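S.K.: Contents are PDB, C-alpha atoms, pLDDT in the B column; file name coords26.pdb:
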ATOM      1  CA  MET A 167     -17.158 141.931  35.699  1.00 55.00           C
ATOM      2  CA  ALA A 168     -18.671 142.190  32.211  1.00 73.00           C
ATOM      3  CA  THR A 169     -21.956 140.411  31.661  1.00 79.00           C
ATOM      4  CA  PRO A 170     -23.085 138.593  28.487  1.00 83.00           C
ATOM      5  CA  ILE A 171     -25.558 140.092  26.087  1.00 83.00           C
ATOM      6  CA  MET A 172     -29.180 139.025  26.646  1.00 87.00           C
ATOM      7  CA  ALA A 173     -28.274 138.072  30.209  1.00 88.00           C
ATOM      8  CA  LYS A 174     -31.707 136.763  31.209  1.00 90.00           C
ATOM      9  CA  ALA A 175     -32.044 134.623  28.071  1.00 91.00           C
ATOM     10  CA  THR A 176     -28.525 133.294  28.688  1.00 91.00           C
ATOM     11  CA  ALA A 177     -29.510 132.397  32.255  1.00 92.00           C
ATOM     12  CA  VAL A 178     -32.546 130.522  30.910  1.00 92.00           C
ATOM     13  CA  TRP A 179     -30.292 128.464  28.639  1.00 93.00           C
ATOM     14  CA  LEU A 180     -27.795 127.699  31.405  1.00 93.00           C
ATOM     15  CA  VAL A 181     -30.577 126.598  33.762  1.00 92.00           C
ATOM     16  CA  ASP A 182     -32.065 124.299  31.131  1.00 91.00           C
ATOM     17  CA  ASN A 183     -28.836 122.831  29.706  1.00 91.00           C
ATOM     18  CA  THR A 184     -26.289 122.713  32.545  1.00 91.00           C
ATOM     19  CA  THR A 185     -26.015 121.645  36.175  1.00 90.00           C
ATOM     20  CA  LEU A 186     -24.396 124.876  37.321  1.00 91.00           C
ATOM     21  CA  THR A 187     -25.561 126.281  40.642  1.00 92.00           C
ATOM     22  CA  PHE A 188     -27.889 129.252  40.840  1.00 91.00           C
ATOM     23  CA  THR A 189     -25.080 131.334  42.335  1.00 92.00           C
ATOM     24  CA  GLN A 190     -22.715 130.549  39.454  1.00 92.00           C
ATOM     25  CA  ILE A 191     -25.333 131.439  36.852  1.00 92.00           C
ATOM     26  CA  ALA A 192     -26.315 134.593  38.754  1.00 91.00           C
ATOM     27  CA  ASN A 193     -22.711 135.798  39.018  1.00 91.00           C
ATOM     28  CA  PHE A 194     -22.062 135.144  35.334  1.00 90.00           C
ATOM     29  CA  CYS A 195     -25.258 136.820  34.098  1.00 90.00           C
ATOM     30  CA  GLY A 196     -25.325 139.672  36.609  1.00 88.00           C
ATOM     31  CA  LEU A 197     -28.584 138.534  38.216  1.00 89.00           C
ATOM     32  CA  HIS A 198     -29.689 137.734  41.755  1.00 90.00           C
ATOM     33  CA  ASP A 199     -29.689 134.176  43.055  1.00 88.00           C
ATOM     34  CA  LEU A 200     -33.425 134.328  43.756  1.00 90.00           C
ATOM     35  CA  GLU A 201     -34.068 135.554  40.213  1.00 90.00           C
ATOM     36  CA  VAL A 202     -32.235 132.538  38.797  1.00 90.00           C
ATOM     37  CA  GLN A 203     -34.165 130.293  41.160  1.00 90.00           C
ATOM     38  CA  GLY A 204     -37.374 131.894  39.878  1.00 90.00           C
ATOM     39  CA  ILE A 205     -36.285 131.073  36.319  1.00 90.00           C
ATOM     40  CA  ALA A 206     -35.796 127.439  37.351  1.00 90.00           C
ATOM     41  CA  ASP A 207     -39.218 127.357  39.038  1.00 89.00           C
ATOM     42  CA  GLY A 208     -40.915 128.931  36.029  1.00 86.00           C
ATOM     43  CA  ASP A 209     -41.980 132.057  37.905  1.00 86.00           C
ATOM     44  CA  VAL A 210     -39.516 134.405  36.143  1.00 83.00           C
ATOM     45  CA  ALA A 211     -38.798 134.933  32.428  1.00 81.00           C
ATOM     46  CA  GLN A 212     -41.812 132.984  31.260  1.00 82.00           C
ATOM     47  CA  GLY A 213     -41.830 132.704  27.494  1.00 83.00           C
ATOM     48  CA  VAL A 214     -38.184 133.827  27.178  1.00 86.00           C
ATOM     49  CA  LYS A 215     -36.271 131.648  24.723  1.00 87.00           C
ATOM     50  CA  GLY A 216     -32.846 130.515  25.890  1.00 89.00           C
ATOM     51  CA  PHE A 217     -29.817 132.171  24.321  1.00 90.00           C
ATOM     52  CA  ASP A 218     -26.892 129.804  23.734  1.00 90.00           C
ATOM     53  CA  PRO A 219     -23.701 131.537  24.944  1.00 90.00           C
ATOM     54  CA  ILE A 220     -21.455 128.880  23.383  1.00 90.00           C
ATOM     55  CA  SER A 221     -22.675 129.284  19.816  1.00 88.00           C
ATOM     56  CA  ASN A 222     -22.626 133.071  20.248  1.00 85.00           C
ATOM     57  CA  ASN A 223     -18.961 133.070  21.274  1.00 85.00           C
ATOM     58  CA  GLN A 224     -19.556 134.259  24.855  1.00 87.00           C
ATOM     59  CA  LEU A 225     -18.705 131.079  26.751  1.00 89.00           C
ATOM     60  CA  THR A 226     -16.780 127.867  26.107  1.00 89.00           C
ATOM     61  CA  GLN A 227     -17.716 124.322  26.975  1.00 91.00           C
ATOM     62  CA  GLU A 228     -14.476 123.974  28.897  1.00 92.00           C
ATOM     63  CA  GLU A 229     -15.509 126.869  31.119  1.00 90.00           C
ATOM     64  CA  ILE A 230     -18.863 125.211  31.825  1.00 91.00           C
ATOM     65  CA  ASP A 231     -17.130 121.916  32.649  1.00 92.00           C
ATOM     66  CA  LYS A 232     -14.893 123.706  35.161  1.00 91.00           C
ATOM     67  CA  GLY A 233     -17.958 125.209  36.819  1.00 90.00           C
ATOM     68  CA  VAL A 234     -19.724 121.853  37.003  1.00 91.00           C
ATOM     69  CA  ALA A 235     -16.654 120.180  38.564  1.00 92.00           C
ATOM     70  CA  ASP A 236     -16.111 122.971  41.125  1.00 91.00           C
ATOM     71  CA  LYS A 237     -19.218 124.635  42.541  1.00 89.00           C
ATOM     72  CA  ARG A 238     -17.144 127.560  43.823  1.00 90.00           C
ATOM     73  CA  TYR A 239     -15.698 128.323  40.404  1.00 91.00           C
ATOM     74  CA  GLN A 240     -16.934 131.513  38.762  1.00 89.00           C
ATOM     75  CA  LEU A 241     -17.506 131.442  35.030  1.00 89.00           C
ATOM     76  CA  LYS A 242     -15.559 133.917  32.949  1.00 89.00           C
ATOM     77  CA  LEU A 243     -16.854 135.614  29.853  1.00 86.00           C
ATOM     78  CA  LYS A 244     -14.921 134.687  26.740  1.00 82.00           C
ATOM     79  CA  HIS A 245     -12.547 137.430  25.652  1.00 72.00           C
ATOM     80  CA  ASN A 246     -13.463 139.049  22.363  1.00 67.00           C
ATOM     81  CA  ALA A 247     -10.589 141.005  20.890  1.00 61.00           C
ATOM     82  CA  ALA A 248     -12.893 142.851  18.506  1.00 56.00           C
ATOM     83  CA  ALA A 249     -14.867 144.331  21.427  1.00 54.00           C
ATOM     84  CA  VAL A 250     -11.871 145.966  23.124  1.00 55.00           C
ATOM     85  CA  GLY A 251     -12.545 149.673  23.582  1.00 52.00           C
ATOM     86  CA  GLU A 252     -16.180 149.476  22.517  1.00 50.00           C
ATOM     87  CA  GLU A 253     -17.343 150.311  26.033  1.00 52.00           C
ATOM     88  CA  LYS A 254     -15.748 153.755  25.739  1.00 53.00           C
ATOM     89  CA  ARG A 255     -17.871 156.481  24.218  1.00 53.00           C
ATOM     90  CA  ARG A 256     -16.421 158.028  21.099  1.00 54.00           C
ATOM     91  CA  GLY A 257     -17.215 161.348  19.509  1.00 55.00           C
ATOM     92  CA  PRO A 258     -19.469 164.054  20.908  1.00 58.00           C
ATOM     93  CA  ARG A 259     -22.157 163.360  23.472  1.00 65.00           C
ATOM     94  CA  TYR A 260     -25.550 162.332  22.129  1.00 69.00           C
ATOM     95  CA  THR A 261     -28.135 165.034  22.727  1.00 68.00           C
ATOM     96  CA  PRO A 262     -31.882 164.286  22.535  1.00 70.00           C
ATOM     97  CA  LEU A 263     -33.840 166.029  19.812  1.00 73.00           C
ATOM     98  CA  SER A 264     -35.858 167.991  22.355  1.00 71.00           C
ATOM     99  CA  LYS A 265     -32.694 169.623  23.758  1.00 77.00           C
ATOM    100  CA  ARG A 266     -30.658 170.225  20.615  1.00 81.00           C
ATOM    101  CA  GLN A 267     -32.122 173.694  20.192  1.00 84.00           C
ATOM    102  CA  ASP A 268     -30.634 174.618  23.588  1.00 88.00           C
ATOM    103  CA  ARG A 269     -27.053 173.782  22.635  1.00 90.00           C
ATOM    104  CA  PRO A 270     -26.154 177.211  21.154  1.00 93.00           C
ATOM    105  CA  ALA A 271     -27.234 178.910  24.402  1.00 93.00           C
ATOM    106  CA  SER A 272     -25.073 176.500  26.417  1.00 92.00           C
ATOM    107  CA  ILE A 273     -22.096 176.985  24.115  1.00 93.00           C
ATOM    108  CA  LEU A 274     -22.361 180.755  24.469  1.00 93.00           C
ATOM    109  CA  TRP A 275     -22.515 180.384  28.279  1.00 94.00           C
ATOM    110  CA  LEU A 276     -19.396 178.209  28.348  1.00 93.00           C
ATOM    111  CA  VAL A 277     -17.506 180.493  25.978  1.00 92.00           C
ATOM    112  CA  LYS A 278     -18.447 183.567  28.021  1.00 91.00           C
ATOM    113  CA  PHE A 279     -17.958 182.310  31.576  1.00 91.00           C
ATOM    114  CA  HIS A 280     -15.335 179.598  31.036  1.00 90.00           C
ATOM    115  CA  PRO A 281     -13.009 180.800  28.266  1.00 88.00           C
ATOM    116  CA  GLU A 282     -10.322 178.452  29.585  1.00 88.00           C
ATOM    117  CA  LEU A 283     -12.221 175.427  28.228  1.00 91.00           C
ATOM    118  CA  THR A 284     -11.042 174.095  24.897  1.00 91.00           C
ATOM    119  CA  ASP A 285     -13.307 173.386  21.957  1.00 91.00           C
ATOM    120  CA  GLY A 286     -12.885 169.669  22.568  1.00 90.00           C
ATOM    121  CA  GLN A 287     -14.029 169.966  26.182  1.00 91.00           C
ATOM    122  CA  ILE A 288     -17.070 172.038  25.214  1.00 92.00           C
ATOM    123  CA  SER A 289     -17.886 169.537  22.485  1.00 89.00           C
ATOM    124  CA  LYS A 290     -17.887 166.670  24.977  1.00 89.00           C
ATOM    125  CA  LEU A 291     -19.942 168.580  27.546  1.00 90.00           C
ATOM    126  CA  VAL A 292     -22.874 169.630  25.351  1.00 90.00           C
ATOM    127  CA  GLY A 293     -22.510 167.271  22.369  1.00 86.00           C
ATOM    128  CA  THR A 294     -21.716 169.683  19.557  1.00 88.00           C
ATOM    129  CA  THR A 295     -19.108 170.195  16.847  1.00 89.00           C
ATOM    130  CA  LYS A 296     -16.110 172.471  16.703  1.00 90.00           C
ATOM    131  CA  PRO A 297     -17.380 174.530  13.721  1.00 92.00           C
ATOM    132  CA  THR A 298     -20.494 175.419  15.727  1.00 92.00           C
ATOM    133  CA  ILE A 299     -18.350 176.436  18.712  1.00 93.00           C
ATOM    134  CA  ASN A 300     -16.116 178.596  16.517  1.00 92.00           C
ATOM    135  CA  ALA A 301     -19.140 180.251  14.907  1.00 92.00           C
ATOM    136  CA  ILE A 302     -20.539 181.205  18.311  1.00 93.00           C
ATOM    137  CA  ARG A 303     -17.125 182.219  19.652  1.00 92.00           C
ATOM    138  CA  GLU A 304     -16.518 184.496  16.658  1.00 92.00           C
ATOM    139  CA  ARG A 305     -20.182 185.636  16.652  1.00 91.00           C
ATOM    140  CA  THR A 306     -20.753 184.500  13.073  1.00 92.00           C
ATOM    141  CA  HIS A 307     -23.560 182.110  13.952  1.00 91.00           C
ATOM    142  CA  TRP A 308     -26.706 182.709  11.873  1.00 91.00           C
ATOM    143  CA  ASN A 309     -28.838 183.210  15.010  1.00 90.00           C
ATOM    144  CA  ILE A 310     -26.269 184.871  17.274  1.00 90.00           C
ATOM    145  CA  GLN A 311     -28.489 187.932  17.887  1.00 91.00           C
ATOM    146  CA  ASN A 312     -31.207 185.804  19.486  1.00 92.00           C
ATOM    147  CA  ILE A 313     -28.999 183.480  21.560  1.00 92.00           C
ATOM    148  CA  GLN A 314     -28.926 184.084  25.312  1.00 92.00           C
ATOM    149  CA  PRO A 315     -26.277 182.328  27.470  1.00 92.00           C
ATOM    150  CA  ILE A 316     -27.780 179.615  29.678  1.00 92.00           C
ATOM    151  CA  ASP A 317     -25.987 177.222  32.020  1.00 91.00           C
ATOM    152  CA  PRO A 318     -25.799 173.760  30.377  1.00 91.00           C
ATOM    153  CA  VAL A 319     -26.342 172.135  33.782  1.00 89.00           C
ATOM    154  CA  ALA A 320     -29.651 173.966  34.150  1.00 88.00           C
ATOM    155  CA  LEU A 321     -30.657 172.791  30.672  1.00 86.00           C
ATOM    156  CA  GLY A 322     -29.766 169.187  31.485  1.00 85.00           C
ATOM    157  CA  LEU A 323     -27.098 168.902  28.789  1.00 87.00           C
ATOM    158  CA  CYS A 324     -24.407 167.850  31.260  1.00 87.00           C
ATOM    159  CA  LYS A 325     -23.890 167.185  34.948  1.00 86.00           C
ATOM    160  CA  GLN A 326     -22.357 169.622  37.399  1.00 89.00           C
ATOM    161  CA  SER A 327     -19.664 167.065  38.252  1.00 87.00           C
ATOM    162  CA  GLU A 328     -18.687 166.799  34.575  1.00 88.00           C
ATOM    163  CA  LEU A 329     -18.462 170.570  34.240  1.00 90.00           C
ATOM    164  CA  ASP A 330     -16.368 170.792  37.431  1.00 90.00           C
ATOM    165  CA  ALA A 331     -14.034 168.062  36.159  1.00 89.00           C
ATOM    166  CA  ALA A 332     -13.510 169.886  32.853  1.00 90.00           C
ATOM    167  CA  VAL A 333     -12.854 173.186  34.640  1.00 89.00           C
ATOM    168  CA  GLN A 334     -10.382 171.582  37.047  1.00 89.00           C
ATOM    169  CA  LYS A 335      -8.585 169.966  34.113  1.00 89.00           C
ATOM    170  CA  ALA A 336      -8.308 173.340  32.410  1.00 87.00           C
ATOM    171  CA  ASN A 337      -7.002 174.807  35.672  1.00 84.00           C
ATOM    172  CA  ALA A 338      -4.301 172.142  35.914  1.00 86.00           C
ATOM    173  CA  LYS A 339      -3.263 172.715  32.312  1.00 84.00           C
ATOM    174  CA  LYS A 340      -2.966 176.471  32.833  1.00 79.00           C
ATOM    175  CA  ALA A 341      -0.940 175.960  35.992  1.00 79.00           C
ATOM    176  CA  LYS A 342       1.352 173.522  34.182  1.00 80.00           C
ATOM    177  CA  ASP A 343       1.903 175.944  31.295  1.00 77.00           C
ATOM    178  CA  GLY A 344       2.640 178.736  33.796  1.00 72.00           C
ATOM    179  CA  GLU A 345      -0.013 181.099  32.480  1.00 66.00           C
ATOM    180  CA  ALA A 346      -1.109 183.852  34.839  1.00 51.00           C
ATOM    181  CA  MET A 347      -4.794 184.004  35.775  1.00 56.00           C
ATOM    182  CA  SER A 348      -6.842 186.847  37.105  1.00 58.00           C
ATOM    183  CA  ASP A 349      -8.858 186.642  40.314  1.00 56.00           C
ATOM    184  CA  ASP A 350     -12.079 186.220  38.351  1.00 60.00           C
ATOM    185  CA  GLU A 351     -10.614 183.303  36.425  1.00 56.00           C
ATOM    186  CA  ARG A 352      -9.437 181.646  39.613  1.00 56.00           C
ATOM    187  CA  ARG A 353     -12.923 181.899  41.093  1.00 56.00           C
ATOM    188  CA  LYS A 354     -14.367 180.333  37.956  1.00 53.00           C
ATOM    189  CA  LEU A 355     -11.898 177.456  38.080  1.00 51.00           C
ATOM    190  CA  VAL A 356     -12.918 176.484  41.618  1.00 51.00           C
ATOM    191  CA  SER A 357     -15.316 173.546  41.789  1.00 49.00           C
ATOM    192  CA  THR A 358     -18.877 173.958  42.992  1.00 50.00           C
ATOM    193  CA  GLU A 359     -18.222 172.119  46.260  1.00 51.00           C
ATOM    194  CA  LEU A 360     -15.277 174.372  47.151  1.00 50.00           C
ATOM    195  CA  SER A 361     -17.097 177.541  46.147  1.00 46.00           C
ATOM    196  CA  LEU A 362     -20.122 176.645  48.254  1.00 47.00           C
ATOM    197  CA  GLY A 363     -17.948 175.805  51.248  1.00 50.00           C
ATOM    198  CA  ALA A 364     -15.868 178.975  51.064  1.00 47.00           C
ATOM    199  CA  PRO A 365     -16.803 181.808  53.462  1.00 51.00           C
ATOM    200  CA  ALA A 366     -18.735 184.616  51.870  1.00 46.00           C
ATOM    201  CA  GLU A 367     -16.738 187.785  51.268  1.00 50.00           C
ATOM    202  CA  GLU A 368     -18.064 191.065  52.642  1.00 50.00           C
ATOM    203  CA  PRO A 369     -19.276 193.347  49.858  1.00 50.00           C
ATOM    204  CA  ALA A 370     -17.048 196.336  49.263  1.00 53.00           C
ATOM    205  CA  LEU A 371     -18.531 199.792  49.802  1.00 51.00           C
ATOM    206  CA  PRO A 372     -18.701 202.166  46.837  1.00 53.00           C
ATOM    207  CA  SER A 373     -15.914 204.708  46.587  1.00 53.00           C
ATOM    208  CA  SER A 374     -18.411 207.547  47.148  1.00 55.00           C
ATOM    209  CA  MET A 375     -19.295 206.071  50.563  1.00 54.00           C
ATOM    210  CA  ALA A 376     -15.773 205.239  51.666  1.00 53.00           C
ATOM    211  CA  GLY A 377     -15.021 206.504  55.164  1.00 55.00           C
ATOM    212  CA  LEU A 378     -18.691 206.724  56.176  1.00 52.00           C
ATOM    213  CA  GLU A 379     -18.865 203.308  57.789  1.00 51.00           C
ATOM    214  CA  THR A 380     -17.762 204.807  61.147  1.00 53.00           C
ATOM    215  CA  PHE A 381     -19.799 208.014  60.862  1.00 52.00           C
ATOM    216  CA  THR A 382     -21.984 208.893  63.891  1.00 54.00           C
ATOM    217  CA  LEU A 383     -24.213 211.839  64.771  1.00 54.00           C
ATOM    218  CA  GLY A 384     -22.218 213.196  67.723  1.00 55.00           C
ATOM    219  CA  ASP A 385     -22.041 211.750  71.204  1.00 55.00           C
ATOM    220  CA  ALA A 386     -25.008 209.898  72.527  1.00 52.00           C
ATOM    221  CA  PRO A 387     -26.994 211.941  75.153  1.00 53.00           C
ATOM    222  CA  ALA A 388     -26.731 210.940  78.763  1.00 53.00           C
ATOM    223  CA  ASP A 389     -29.556 209.142  80.485  1.00 53.00           C
ATOM    224  CA  ASP A 390     -30.417 212.104  82.733  1.00 52.00           C
ATOM    225  CA  GLU A 391     -30.808 214.359  79.679  1.00 51.00           C
ATOM    226  CA  ASP A 392     -33.201 211.870  78.156  1.00 51.00           C
ATOM    227  CA  ASP A 393     -35.314 211.947  81.305  1.00 53.00           C
ATOM    228  CA  ASN A 394     -35.635 215.735  81.114  1.00 55.00           C
ATOM    229  CA  LEU A 395     -36.881 215.551  77.563  1.00 53.00           C
ATOM    230  CA  LEU A 396     -39.766 213.254  78.480  1.00 57.00           C
ATOM    231  CA  VAL A 397     -43.150 214.999  78.811  1.00 58.00           C
ATOM    232  CA  ASP A 398     -45.956 213.810  81.046  1.00 61.00           C
ATOM    233  CA  ALA A 399     -48.964 212.892  78.936  1.00 60.00           C
ATOM    234  CA  ASP A 400     -51.419 214.161  81.592  1.00 64.00           C
ATOM    235  CA  SER A 401     -50.013 217.671  81.358  1.00 62.00           C
ATOM    236  CA  LEU A 402     -50.936 217.842  77.714  1.00 61.00           C
ATOM    237  CA  PHE A 403     -54.615 217.090  78.213  1.00 62.00           C
ATOM    238  CA  ASN A 404     -55.496 218.596  81.650  1.00 61.00           C
ATOM    239  CA  LEU A 405     -56.540 222.231  81.582  1.00 56.00           C
ATOM    240  CA  PRO A 406     -55.153 224.662  84.210  1.00 59.00           C
ATOM    241  CA  GLU A 407     -57.278 225.445  87.307  1.00 59.00           C
ATOM    242  CA  GLY A 408     -59.557 228.515  87.294  1.00 56.00           C
ATOM    243  CA  ASP A 409     -60.418 228.264  83.623  1.00 51.00           C
ATOM    244  CA  ASP A 410     -64.016 229.404  82.912  1.00 54.00           C
ATOM    245  CA  GLN A 411     -64.445 226.932  80.062  1.00 54.00           C
ATOM    246  CA  PRO A 412     -66.968 224.213  80.919  1.00 54.00           C
ATOM    247  CA  ASP A 413     -65.751 220.705  81.285  1.00 53.00           C
ATOM    248  CA  VAL A 414     -66.509 218.195  78.637  1.00 51.00           C
ATOM    249  CA  GLY A 415     -70.062 216.906  79.023  1.00 51.00           C
ATOM    250  CA  GLU A 416     -71.190 219.898  81.190  1.00 53.00           C
ATOM    251  CA  GLN A 417     -73.929 222.104  79.638  1.00 55.00           C
ATOM    252  CA  PRO A 418     -73.748 225.951  80.147  1.00 55.00           C
ATOM    253  CA  GLU A 419     -76.475 227.619  82.276  1.00 57.00           C
ATOM    254  CA  VAL A 420     -79.310 229.295  80.363  1.00 53.00           C
ATOM    255  CA  ASP A 421     -81.129 232.393  81.650  1.00 54.00           C
ATOM    256  CA  ASP A 422     -84.820 231.539  81.911  1.00 54.00           C
ATOM    257  CA  GLU A 423     -85.882 235.184  81.799  1.00 53.00           C
ATOM    258  CA  LYS A 424     -84.616 235.494  78.284  1.00 45.00           C
TER     259      LYS A 424
END
If you convert what's in this file into structure tokens, what do you get?

M.R.:
Amino acid sequence: MATPIMAKATAVWLVDNTTLTFTQIANFCGLHDLEVQGIADGDVAQGVKGFDPISNNQLTQEEIDKGVADKRYQLKLKHNAAAVGEEKRRGPRYTPLSKRQDRPASILWLVKFHPELTDGQISKLVGTTKPTINAIRERTHWNIQNIQPIDPVALGLCKQSELDAAVQKANAKKAKDGEAMSDDERRKLVSTELSLGAPAEEPALPSSMAGLETFTLGDAPADDEDDNLLVDADSLFNLPEGDDQPDVGEQPEVDDEK
């Protein structure tokens, strides 16, 4: 349910000027019952001046009288015909000043990797205008040589869910029009959740290596042949018997007569 403007100040006025229950005031103003009780006790909203909802065309006296007569009755905000549709955002998305310099990079990324998106969808995603999109699409932008494509989600210009919704909408439109799509386009039109949950495809081998995946170097040698190839380590270091060379650590005899 819609809440009145200056909800806390409106609650202060209703507490001071009516006998409505805390629950009724809390439901009408979008507050918690304990918060309204704190307003009545003077612990909350100290110094806040009450905002009259009757004089500001948000509530009628008849509606207050109904609430006073029936404690279970919920107050209803007065309908304002002039405010119909104001809650919907119109025009392109507002982009903070600190991120406006990143919009050309995001537009180039969307144009390059999601060509199925219309100019209107791109405009809503990153908060730009159609002439800017056309200039980047046709590479007539004044700074096109220095623009590098960057994902708008990574730059914080839009949410991944919003990008997925726009891509799925473009997918549905293409399917309805009966236009054929390539495999790469189909992969791009899959949402992030589906793409992450899909099993990973095995990478294809290059054509120059085709047929080598089953290549082996002959039959494996038998176990008995392997045993014959083993060499005892002691035979490599022990000298044969009868050798006249002195053992290691043994000094040769010296003739004293010399």

S.K.: Which residues come within 12 Å of Trp308 of chain A, counting all atoms listed in the file, excluding same-chain residues fewer than 5 positions away, as a VMD selection string?

M.R.: chain A and resid 270 298 301 to 302 313

S.K.: Write the residues of the preceding selection, restricted to C-alpha atoms, as a PDB file, in the frame of the given file.

M.R.:
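And here is the file that came out, selection-v7.pdb:
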ATOM      1  CA  PRO A 270     -26.154 177.211  21.154  1.00 93.00           C
ATOM      2  CA  THR A 298     -20.494 175.419  15.727  1.00 92.00           C
ATOM      3  CA  ALA A 301     -19.140 180.251  14.907  1.00 92.00           C
ATOM      4  CA  ILE A 302     -20.539 181.205  18.311  1.00 93.00           C
ATOM      5  CA  ILE A 313     -28.999 183.480  21.560  1.00 92.00           C
TER       6      ILE A 313
END

S.K.: Expand the PyMOL selection byres ((chain A and resi 184) around 12) into the explicit residue set it covers here, and present it as a PyMOL selection string.

M.R.: chain A and resi 176-183+185-188+190-191+206+218-219+227+229-235

S.K.: So which one's closest to Leu283 of chain A, A:Val319, A:Val202, A:Ala211, A:Leu329? Using all atoms listed in the file, please.

M.R.: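 Nearest candidate to Leu283 of chain A out of A:Val319, A:Val202, A:Ala211, A:Leu329: A:Leu329.
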
S.K.: For this structure, which residues satisfy the selection - the PyMOL selection byres ((chain A and resi 266) around 12) - when it is evaluated on the file as given? I want them as a ChimeraX atom specification.

M.R.: /A:259-265,267-273,292-294,318,321-323

S.K.: One decimal, in Å: what's the spacing between atom CA of Val214 of chain A and atom CA of Pro170 of chain A?

M.R.: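 Here the two named atoms are 15.9 Å from each other.
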
S.K.: Work out how far apart atom CA of His307 of chain A and atom CA of Asn337 of chain A are and give it in Å to one decimal.

M.R.: 28.3 Å

S.K.: Pick the closest to Ile171 of chain A from A:Lys340, A:Phe279, A:Lys325, A:Gln224: which is it, counting only C-alpha atoms?

M.R.: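 Checking each candidate against Ile171 of chain A, we get A:Gln224 as the closest.
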
S.K.: With distances taken over all atoms listed in the file, which of A:Leu291, A:Asn193, A:Glu228, A:Lys278 is nearest to Asp330 of chain A?

M.R.: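 Nearest candidate to Asp330 of chain A out of A:Leu291, A:Asn193, A:Glu228, A:Lys278: A:Leu291.
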
S.K.: Quick one: axis-aligned box around all listed atoms of segment 217-232 of chain A, 4 Å on every side, centre and edge lengths in Å to one decimal, written as lines of an AutoDock Vina configuration file.

M.R.:
center_x = -22.1
center_y = 128.1
center_z = 27.5
size_x = 23.3
size_y = 20.3
size_z = 23.3

S.K.: Rounded to one decimal in Å, what is the spacing between atom CA of Ala338 of chain A and atom CA of Thr295 of chain A?

M.R.: 24.2 Å
